[in-house]
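**Student:** My structure file query_21.txt, compact mmCIF, C-alpha atoms, is below:
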# COMPACT_ATOMS: atom_id res chain seq x y z
CA MET L 1 -19.69 -34.00 -14.17
CA ARG L 2 -23.16 -32.55 -14.11
CA ILE L 3 -23.92 -29.14 -12.47
CA GLU L 4 -27.37 -28.56 -11.08
CA PRO L 5 -29.37 -25.81 -12.90
CA THR L 6 -29.74 -23.78 -9.69
CA ARG L 7 -26.02 -23.86 -9.03
CA LEU L 8 -25.31 -22.97 -12.68
CA ALA L 9 -27.66 -19.96 -12.47
CA LEU L 10 -25.98 -18.82 -9.25
CA MET L 11 -22.55 -19.07 -10.89
CA GLY L 12 -23.86 -16.92 -13.76
CA VAL L 13 -25.10 -14.25 -11.34
CA VAL L 14 -21.77 -14.22 -9.51
CA ALA L 15 -19.86 -13.94 -12.80
CA LEU L 16 -22.09 -11.07 -13.96
CA HIS L 17 -21.63 -9.27 -10.62
CA LEU L 18 -17.86 -9.70 -10.85
CA ALA L 19 -17.85 -8.27 -14.39
CA VAL L 20 -19.80 -5.20 -13.23
CA VAL L 21 -17.48 -4.64 -10.26
CA LEU L 22 -14.40 -4.92 -12.48
CA ALA L 23 -15.83 -2.54 -15.07
CA CYS L 24 -16.69 0.03 -12.39
CA GLY L 25 -13.26 -0.30 -10.84
CA LYS L 26 -11.60 0.47 -14.18
CA ALA L 27 -13.73 3.56 -14.70
CA SER L 28 -12.95 4.97 -11.25
CA ASP L 29 -9.22 4.38 -11.65
CA THR L 30 -9.04 6.84 -14.55
CA ALA L 31 -6.87 9.78 -13.56
CA PRO L 32 -7.63 13.29 -14.79
CA PRO L 33 -5.56 14.34 -17.81
CA GLU L 34 -2.13 15.69 -17.01
CA ALA L 35 -1.98 19.47 -16.74
CA PRO L 36 -0.07 21.10 -19.62
CA GLU L 37 3.06 23.09 -18.77
CA GLY L 38 2.24 26.48 -17.28
CA THR L 39 -1.02 25.22 -15.78
CA TRP L 40 -2.22 23.60 -12.55
CA ARG L 41 -5.30 21.45 -11.85
CA ASP L 42 -7.13 22.02 -8.57
CA SER L 43 -8.36 19.00 -6.63
CA ALA L 44 -11.56 20.66 -5.33
CA CYS L 45 -13.24 21.27 -8.70
CA GLY L 46 -10.91 19.62 -11.20
CA LEU L 47 -10.47 22.86 -13.14
CA LEU L 48 -7.28 23.81 -14.94
CA TRP L 49 -5.71 27.13 -13.89
CA GLN L 50 -3.13 29.46 -15.35
CA ALA L 51 -0.13 28.88 -13.05
CA GLU L 52 1.32 32.39 -13.39
CA LEU L 53 -0.78 35.34 -12.32
CA GLY L 54 -1.97 37.48 -15.18
CA PRO L 55 -1.17 41.20 -15.13
CA GLY L 56 -3.31 43.73 -13.31
CA LYS L 57 -6.37 44.61 -15.38
CA LEU L 58 -9.53 46.63 -15.21
CA TRP L 59 -12.49 44.30 -14.74
CA ALA L 60 -13.78 45.06 -18.25
CA ASP L 61 -10.41 44.04 -19.79
CA ALA L 62 -9.93 40.81 -17.84
CA PRO L 63 -12.28 38.57 -19.91
CA GLY L 64 -10.50 39.53 -23.15
CA TYR L 65 -7.14 38.78 -21.55
CA CYS L 66 -8.32 35.28 -20.57
CA GLU L 67 -9.99 34.54 -23.91
CA GLY L 68 -6.78 35.57 -25.70
CA LEU L 69 -4.51 33.47 -23.48
CA ASP L 70 -2.43 31.05 -25.56
CA LEU L 71 -1.55 28.33 -23.08
CA GLY L 72 -1.65 24.57 -23.60
CA GLY L 73 -3.90 24.86 -26.68
CA LEU L 74 -6.93 25.29 -24.39
CA ASP L 75 -9.88 27.67 -24.23
CA TRP L 76 -9.51 30.06 -21.29
CA ARG L 77 -12.02 32.29 -19.50
CA MET L 78 -12.33 34.51 -16.46
CA PRO L 79 -13.49 32.45 -13.44
CA ASP L 80 -16.66 33.20 -11.52
CA ILE L 81 -16.39 33.74 -7.76
CA GLY L 82 -17.40 30.14 -6.99
CA GLU L 83 -14.62 28.83 -9.21
CA LEU L 84 -12.08 31.09 -7.49
CA ARG L 85 -13.22 29.60 -4.18
CA CYS L 86 -12.04 26.20 -5.53
CA LEU L 87 -8.50 27.54 -5.04
CA VAL L 88 -8.90 28.47 -1.35
CA ASN L 89 -6.67 26.22 0.73
CA GLY L 90 -6.50 26.42 4.53
CA CYS L 91 -9.52 28.64 5.23
CA PRO L 92 -12.62 26.46 5.65
CA ASP L 93 -15.20 29.29 5.68
CA THR L 94 -14.32 30.60 2.23
CA ALA L 95 -13.28 27.30 0.62
CA LEU L 96 -15.79 26.04 -1.92
CA ASP L 97 -17.98 24.11 0.54
CA GLY L 98 -17.53 26.65 3.34
CA ASP L 99 -20.13 28.86 5.04
CA CYS L 100 -19.53 31.91 2.83
CA GLU L 101 -22.60 32.07 0.59
CA VAL L 102 -21.11 34.14 -2.25
CA ASP L 103 -20.68 31.89 -5.27
CA GLY L 104 -21.54 31.71 -8.96
CA GLU L 105 -25.23 31.35 -8.11
CA CYS L 106 -25.60 33.78 -5.20
CA SER L 107 -23.86 37.02 -6.02
CA ASP L 108 -25.96 39.80 -4.51
CA VAL L 109 -24.90 41.70 -1.39
CA GLY L 110 -27.26 39.60 0.77
CA CYS L 111 -24.94 36.62 0.24
CA LEU L 112 -22.03 38.44 1.90
CA THR L 113 -21.84 37.35 5.54
CA THR L 114 -19.13 37.41 8.20
CA SER L 115 -18.12 33.89 7.09
CA CYS L 116 -16.76 35.58 3.92
CA ASP L 117 -14.27 37.65 6.01
CA GLY L 118 -11.47 35.11 5.58
CA CYS L 119 -8.89 33.79 8.01
CA GLY L 120 -6.34 36.54 8.62
CA ASP L 121 -3.25 37.74 6.75
CA ALA L 122 -0.40 35.58 5.52
CA GLY L 123 -1.88 32.17 6.15
CA GLY L 124 -1.88 29.08 4.02
CA GLU L 125 1.15 27.15 2.81
CA VAL L 126 3.12 30.09 1.40
CA GLY L 127 1.52 33.16 2.94
CA CYS L 128 -1.38 32.81 0.51
CA TYR L 129 -4.49 30.70 0.98
CA TRP L 130 -3.87 28.63 -2.16
CA SER L 131 -1.59 25.79 -3.21
CA SER L 132 2.14 26.43 -3.02
CA GLN L 133 2.23 25.44 -6.70
CA LEU L 134 0.56 28.77 -7.51
CA GLY L 135 3.34 30.87 -6.01
CA SER L 136 3.59 33.17 -3.03
CA THR L 137 2.51 36.49 -4.50
CA CYS L 138 -1.03 37.31 -3.46
CA ASP L 139 -0.91 40.97 -2.46
CA ASP L 140 -3.66 41.94 -4.87
CA PRO L 141 -7.11 40.32 -5.03
CA LEU L 142 -8.19 38.35 -8.09
CA TRP L 143 -11.08 39.42 -10.26
CA SER L 144 -14.03 37.13 -10.83
CA SER L 145 -16.51 37.32 -13.68
CA SER L 146 -19.33 37.58 -11.11
CA SER L 147 -20.86 41.04 -10.91
CA MET L 148 -22.61 42.33 -7.84
CA THR L 149 -23.89 45.55 -9.42
CA ALA L 150 -23.22 47.39 -12.68
CA GLU L 151 -20.27 49.11 -10.98
CA THR L 152 -18.90 46.36 -8.72
CA SER L 153 -17.64 42.81 -9.10
CA TRP L 154 -16.65 40.07 -6.65
CA VAL L 155 -12.97 39.55 -5.82
CA LEU L 156 -11.10 37.04 -3.68
CA HIS L 157 -8.14 38.20 -1.56
CA PHE L 158 -5.90 35.13 -1.22
CA ARG L 159 -3.61 36.83 1.33
CA ASP L 160 -6.43 36.50 3.90
CA ALA L 161 -8.94 34.31 1.96
CA SER L 162 -11.65 36.96 2.13
CA VAL L 163 -14.42 37.36 -0.42
CA SER L 164 -15.46 40.94 -1.10
CA HIS L 165 -16.39 43.27 -3.94
CA ASP L 166 -14.68 46.22 -5.58
CA LEU L 167 -15.36 48.87 -8.18
CA THR L 168 -14.90 47.60 -11.73
CA THR L 169 -12.73 50.69 -12.38
CA SER L 170 -10.08 49.23 -10.04
CA VAL L 171 -7.10 47.27 -11.32
CA HIS L 172 -6.62 43.73 -9.96
CA ASP L 173 -4.77 40.57 -10.94
CA VAL L 174 -6.32 37.88 -13.10
CA ARG L 175 -5.90 34.09 -13.01
CA CYS L 176 -7.65 32.44 -15.93
CA VAL L 177 -9.41 29.07 -15.81
CA SER L 178 -10.17 26.32 -18.32
CA ASP L 179 -12.43 23.30 -18.16
CA GLY L 180 -9.46 21.57 -19.86
Would you give me this structure, written as structure tokens?
**Tutor:**
Amino acid sequence: MRIEPTRLALMGVVALHLAVVLACGKASDTAPPEAPEGTWRDSACGLLWQAELGPGKLWADAPGYCEGLDLGGLDWRMPDIGELRCLVNGCPDTALDGDCEVDGECSDVGCLTTSCDGCGDAGGEVGCYWSSQLGSTCDDPLWSSSSMTAETSWVLHFRDASVSHDLTTSVHDVRCVSDG
């Protein structure tokens, strides 16, 4: 049986296309690594988070707490305000792609608009605007590594999903993050 050269070339193109499609399909089917015990991976940014809240800290002490965290053999750091917004669940304005302009790149007071005011107390799945896997204690805001001025830093209040700032001499909770 003889195959015409044109038909043979077409079969080669189809085979090559099929190989590319199969290779791409395998790459996209790769799941993110499993989160080590005591951690949780968010679906918005793919970051790994400390599951338990860290203790209340002054802003200046929070980075050292995160860097010293011994959890899952990973390197930990204090999240910036944009990374904290990856955790917002159930409040579209302050979720990562929401209208609130405060993030890791825009952290001056001009970025703070009414869309950063949040969605009201005790919302979300468990009374907090984050995943139920992170618990239901969100009375205190979380520090971010993002400074607004020399004396103030950005915080996120998960009880109402609001983004605001506070004096760095205040004590707030910490939830560390890893690129893990």
**Student:** Between L:Glu125, L:Asp99, L:Asp80, L:Asp179, which is the closest to Met148 of chain L once you count all atoms listed in the file?
**Tutor:**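 Distance minimum relative to Met148 of chain L lands on L:Asp80.
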**Student:** Pick out the residues sitting within 9 Å of Thr113 of chain L, and hand them over as a ChimeraX atom specification; count all atoms listed in the file, and ignore anything fewer than 5 positions along from it in its own chain.
**Tutor:** /L:99-102
**Student:** Please compute the atom CA of Met78 of chain L-atom CA of Gly110 of chain L distance, one decimal, in Å.
**Tutor:**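 The value is 23.4 Å.
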**Student:** Could you give me, as a ChimeraX atom specification, the residues that sit within 9 Å of (-14.1, 20.7, -7.0) in the file's coordinates, counting only C-alpha atoms?
**Tutor:** /L:42-47,83,86,96
**Student:** Write a file of the selected residues as a compact mmCIF listing (two decimals), in the frame of the given file, keeping C-alpha atoms.
**Tutor:**
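File selection01.txt, as written:
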# COMPACT_ATOMS: atom_id res chain seq x y z
CA ASP L 42 -7.13 22.02 -8.57
CA SER L 43 -8.36 19.00 -6.63
CA ALA L 44 -11.56 20.66 -5.33
CA CYS L 45 -13.24 21.27 -8.70
CA GLY L 46 -10.91 19.62 -11.20
CA LEU L 47 -10.47 22.86 -13.14
CA GLU L 83 -14.62 28.83 -9.21
CA CYS L 86 -12.04 26.20 -5.53
CA LEU L 96 -15.79 26.04 -1.92
**Student:** Give the answer as one residue: which of L:Gly127, L:Pro79, L:Gly73, L:Gly98 has the shortest atom-to-atom distance to Pro36 of chain L, using all atoms listed in the file?
**Tutor:**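 Of L:Gly127, L:Pro79, L:Gly73, L:Gly98, the one nearest Pro36 of chain L is L:Gly73, counting all atoms listed in the file.
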**Student:** Might you pull out every residue within 10 Å of Glu37 of chain L, with all atoms listed in the file counted and same-chain residues fewer than 5 positions away left off, and present them as a list of chain:residue names?
**Tutor:** L:Gln50, L:Ala51, L:Leu71, L:Gly72
**Student:** Please, what distance in Å, to one decimal, runs between atom CA of Leu112 of chain L and atom CA of Val163 of chain L?
**Tutor:** 8.0 Å
**Student:** For Asp140 of chain L, list every protein, DNA or RNA residue within 12 Å, evaluated using all atoms listed in the file, and leave out those in the same chain fewer than 4 positions away; present the list as a ChimeraX atom specification.
**Tutor:** /L:53-57,128,136,155-162,166,170-175
**Student:** Go through L:Ala150, L:Cys66, L:Val88, L:Cys111 and flag the residue nearest Ser164 of chain L, using all atoms listed in the file for the distances.
**Tutor:**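 Of L:Ala150, L:Cys66, L:Val88, L:Cys111, the one nearest Ser164 of chain L, counting all atoms listed in the file, is L:Cys111.
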**Student:** Between atom CA of Leu74 of chain L and atom CA of Ala35 of chain L, measure the distance and give it in Å to one decimal.
**Tutor:**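 Result for atom CA of Leu74 of chain L versus atom CA of Ala35 of chain L: 10.8 Å, one decimal.
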